[in-house]
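Report on the structure given below.
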Protein chains: 2
Amino acid sequence: MSQPISPLPDRGPTGRRTAKGPLSGTASRRVERPAPLRQVVYEALAELIVNRTLEPGQHLVEADLAEYLGVSRQPVREALQRLQTEGWVDLKPAQGAFVHLPTEEEADQLLSVRSVLETHSAKLAAGLATPEDVKRLWELQNEGVEALAAEDIERLVAANASLHAFITELSGNTVLAELIGLVDRRVRWYYTPIARPRGRDAWYEHAQLIEAIAAKDVVVAEEIMTKHTERTRQAYHERTQAPPA
Amino acid sequence: MSQPISPLPDRGPTGRRTAKGPLSGTASRRVERPAPLRQVVYEALAELIVNRTLEPGQHLVEADLAEYLGVSRQPVREALQRLQTEGWVDLKPAQGAFVHLPTEEEADQLLSVRSVLETHSAKLAAGLATPEDVKRLWELQNEGVEALAAEDIERLVAANASLHAFITELSGNTVLAELIGLVDRRVRWYYTPIARPRGRDAWYEHAQLIEAIAAKDVVVAEEIMTKHTERTRQAYHERTQAPPA
DNA sequence: AGAGTGAATTTTGCATACCAAAACCTGTAT
DNA sequence: ATACAGGTTTTGGTATGCAAAATTCACTCT
């Protein structure tokens, strides 16, 4: 049986503790900490991939990326590896990183999983939402409806993301929220290029959903979210089968 | 609008292709490719964390790990970062890696998500399973029952994992399978130390589930898996509330 | 003694340089 | 054309250096 004895140099049982310091209640909560470079690189690359500056299948050469971004290879490598674990690139051994090539099948699987997760989060949210939360939901809903009226696609996509993200938060399940975050972002990547977001009916469904949440009707909220996400999935398939003229 | 013009040196549109080479039908299907070191390190550290050689909260110093494993800092860093994205360690900026401290709440959230995902996979599996698959399921079931009879905890845990993993595979949804893999592994980490696996009843539920899958009864399979995983969740809470004497 | 302070130490994060092995590409000879 | 033999590119890993941040330690002042 494995003994709980650390094979590493003993640094004391507690590790480090957070030091308090004599901060006499100043206003600023935290010193400006520049984000780790690898994080910045990660975000930059993710953005480049999502907006298709880097095309699916493209070979990403560490040295080139490093030069382009003005950093060394190290943070680039680290970013690429994180991008891999999250499905944005494929890292072939001894060959490097290639922007992931989404397949039809994979998109469907993602949408399927998304449906399940979002449905669960709607259910939980309906059980936990306070009147204030509901108020906020209606605000987000209005934002979406306005964007729809203005035919501002970008704003519409953002509003949709905000609304779903907020419901996710309301679920109170951090693990669930993180997973949805991952899945959603990839779904958007697959989905956005081929189609404008579903319009009027999607926001009608949102309204129904919010009403169910306000009424704390767990069952109906669940039902509506399932239908809502499944319709999105259908819409995806219809559009991929009929390529834009 | 963003133009699809690559900011990177042009390396031709195709990237690299796989070369065939004059392999005159030798037996070995693939050249022995030693796993990337970062991968090996990742697995080694994950193992050390799961079996609690590295205790939760412990500060992991790159240089120490590197020396202990006989590699340089680089692969260790890369492994640590992957461990972070998968929830095994927390990487505090400028402070390094600390083995993740599981909280009661987080465990519950994980079990909740796991329940949803596994349920979905059971549903899909029931719709797709062939008679051969069912045969294999019964084999795995028997393995578990035998381990139970022999009171071989380790074997029991392995059998349980195999059975669930196989159902996951049967779902035909790779994305789902990967997510479940992630979640399950963490669940096991949280769960194992405080309690022996649920015994007799869990395997009875498994048997029911397999029957439902064999009958291609999607609804019942779904139902049983939900109950099964929710019971596991309950069992977790009962055991955490009553610490072992 | 206890609290505060300032310097020494440790550790991370990143850069740079270097190298072997693998994969890829190209030109030549058949 | 095809096969082969180099030459080139790229990865994956090692080693080293160093600044900034965090921690720890030693010291001084009360």
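The way I read the labels, and the way they are meant: chains A, B, ... in the order of the structure tokens, residue 1 as the first residue of every chain, and ligand 1 as the first ligand shown, with later ones counted on from there.
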If the cut-off is 9 Å, can you tell me the residues of chain D near chain A, counting only C-alpha atoms (C1' of nucleotides)? I'd like them as a PDB file with N, CA and C atoms (P, O5', C5', C4', C3', O3' and C1' of nucleotides), in the first residue's frame.
ATOM      1  P    DT D  10       9.751  25.627 -40.616  1.00  0.00           P
ATOM      2  O5'  DT D  10       9.536  24.625 -39.403  1.00  0.00           O
ATOM      3  C5'  DT D  10       8.697  23.496 -39.599  1.00  0.00           C
ATOM      4  C4'  DT D  10       8.755  22.609 -38.372  1.00  0.00           C
ATOM      5  C3'  DT D  10       8.618  23.363 -37.051  1.00  0.00           C
ATOM      6  O3'  DT D  10       7.451  22.908 -36.382  1.00  0.00           O
ATOM      7  C1'  DT D  10      10.376  21.775 -36.971  1.00  0.00           C
ATOM      8  P    DT D  11       7.033  23.563 -34.999  1.00  0.00           P
ATOM      9  O5'  DT D  11       7.255  22.343 -34.010  1.00  0.00           O
ATOM     10  C5'  DT D  11       6.669  21.106 -34.345  1.00  0.00           C
ATOM     11  C4'  DT D  11       7.401  19.981 -33.639  1.00  0.00           C
ATOM     12  C3'  DT D  11       7.258  20.010 -32.113  1.00  0.00           C
ATOM     13  O3'  DT D  11       6.704  18.769 -31.709  1.00  0.00           O
ATOM     14  C1'  DT D  11       9.533  19.733 -32.762  1.00  0.00           C
ATOM     15  P    DG D  12       6.078  18.657 -30.250  1.00  0.00           P
ATOM     16  O5'  DG D  12       7.357  18.235 -29.393  1.00  0.00           O
ATOM     17  C5'  DG D  12       7.915  16.975 -29.623  1.00  0.00           C
ATOM     18  C4'  DG D  12       9.089  16.769 -28.696  1.00  0.00           C
ATOM     19  C3'  DG D  12       8.821  17.189 -27.247  1.00  0.00           C
ATOM     20  O3'  DG D  12       9.325  16.159 -26.414  1.00  0.00           O
ATOM     21  C1'  DG D  12      10.734  18.301 -28.078  1.00  0.00           C
ATOM     22  P    DT D  23       3.420  34.542  -0.546  1.00  0.00           P
ATOM     23  O5'  DT D  23       4.804  34.074   0.070  1.00  0.00           O
ATOM     24  C5'  DT D  23       5.457  32.955  -0.528  1.00  0.00           C
ATOM     25  C4'  DT D  23       6.732  32.649   0.229  1.00  0.00           C
ATOM     26  C3'  DT D  23       6.550  32.595   1.757  1.00  0.00           C
ATOM     27  O3'  DT D  23       7.123  31.401   2.222  1.00  0.00           O
ATOM     28  C1'  DT D  23       8.341  34.052   1.178  1.00  0.00           C
TER      29       DT D  23
END
Spatial neighbours of stretch 7-9 of chain D, max dist 10 Å, only C-alpha atoms (C1' of nucleotides), sep filter under 2 positions, as a PyMOL selection string: (chain C and resi 23-26) or (chain D and resi 5+11)
Output file for the selection above: N, CA and C atoms (P, O5', C5', C4', C3', O3' and C1' of nucleotides), as a short mmCIF file (atom, residue, chain, number, x, y, z; two decimals), in the first residue's frame:
data_model
loop_
_atom_site.label_atom_id
_atom_site.label_comp_id
_atom_site.auth_asym_id
_atom_site.auth_seq_id
_atom_site.Cartn_x
_atom_site.Cartn_y
_atom_site.Cartn_z
P DA C 23 8.19 10.71 -37.41
"O5'" DA C 23 8.02 11.93 -38.41
"C5'" DA C 23 7.55 13.16 -37.90
"C4'" DA C 23 7.63 14.21 -38.97
"C3'" DA C 23 7.11 13.73 -40.33
"O3'" DA C 23 6.17 14.66 -40.80
"C1'" DA C 23 9.27 14.69 -40.54
P DC C 24 5.47 14.41 -42.23
"O5'" DC C 24 6.23 15.47 -43.15
"C5'" DC C 24 6.42 16.79 -42.66
"C4'" DC C 24 7.39 17.52 -43.58
"C3'" DC C 24 7.04 17.39 -45.05
"O3'" DC C 24 6.85 18.68 -45.61
"C1'" DC C 24 9.35 16.97 -44.66
P DC C 25 6.36 18.79 -47.16
"O5'" DC C 25 7.75 19.04 -47.89
"C5'" DC C 25 8.53 20.17 -47.52
"C4'" DC C 25 9.80 20.21 -48.37
"C3'" DC C 25 9.55 20.10 -49.88
"O3'" DC C 25 10.24 21.15 -50.51
"C1'" DC C 25 11.16 18.49 -49.16
P DT C 26 10.00 21.42 -52.09
"O5'" DT C 26 11.48 21.34 -52.66
"C5'" DT C 26 12.56 20.98 -51.78
"C4'" DT C 26 13.75 20.52 -52.61
"C3'" DT C 26 13.53 20.47 -54.12
"O3'" DT C 26 14.73 20.78 -54.78
"C1'" DT C 26 14.01 18.31 -53.35
P DA D 5 19.66 5.11 -50.79
"O5'" DA D 5 20.30 6.57 -50.85
"C5'" DA D 5 20.64 7.14 -52.11
"C4'" DA D 5 21.05 8.58 -51.88
"C3'" DA D 5 21.62 8.85 -50.49
"O3'" DA D 5 22.69 9.77 -50.61
"C1'" DA D 5 19.68 10.17 -50.82
P DT D 11 7.03 23.56 -35.00
"O5'" DT D 11 7.26 22.34 -34.01
"C5'" DT D 11 6.67 21.11 -34.35
"C4'" DT D 11 7.40 19.98 -33.64
"C3'" DT D 11 7.26 20.01 -32.11
"O3'" DT D 11 6.70 18.77 -31.71
"C1'" DT D 11 9.53 19.73 -32.76
#
Which polymer residues have any atom within 10 Å of an atom of B:Leu91, counting only C-alpha atoms (C1' of nucleotides), with same-chain residues fewer than 4 positions away left out, as a ChimeraX atom specification? /B:59-60,80-81,83-85,87,95-100
Could you tell me which residues of chain A sit within 10 Å of chain C when counting only C-alpha atoms (C1' of nucleotides), and give me the result as a PyMOL selection string? chain A and resi 36-38+71-75+93-95
File dump, residues just selected, C-alpha atoms, as a short mmCIF file (atom, residue, chain, number, x, y, z; two decimals), in the first residue's frame:
data_model
loop_
_atom_site.label_atom_id
_atom_site.label_comp_id
_atom_site.auth_asym_id
_atom_site.auth_seq_id
_atom_site.Cartn_x
_atom_site.Cartn_y
_atom_site.Cartn_z
CA PRO A 36 0.73 35.65 -17.43
CA LEU A 37 2.04 35.84 -20.95
CA ARG A 38 0.93 32.31 -21.74
CA VAL A 71 7.30 36.56 -27.47
CA SER A 72 9.54 33.53 -27.15
CA ARG A 73 8.61 30.00 -28.03
CA GLN A 74 7.95 28.99 -24.46
CA PRO A 75 4.66 30.81 -23.80
CA PRO A 93 3.62 14.39 -32.00
CA ALA A 94 6.77 15.62 -33.66
CA GLN A 95 4.72 17.59 -36.15
#
What is the distance, in Å and to one decimal place, between atom CA of B:Val175 and atom CA of A:Thr240?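 Calculated distance between atom CA of B:Val175 and atom CA of A:Thr240 is 19.9 Å.
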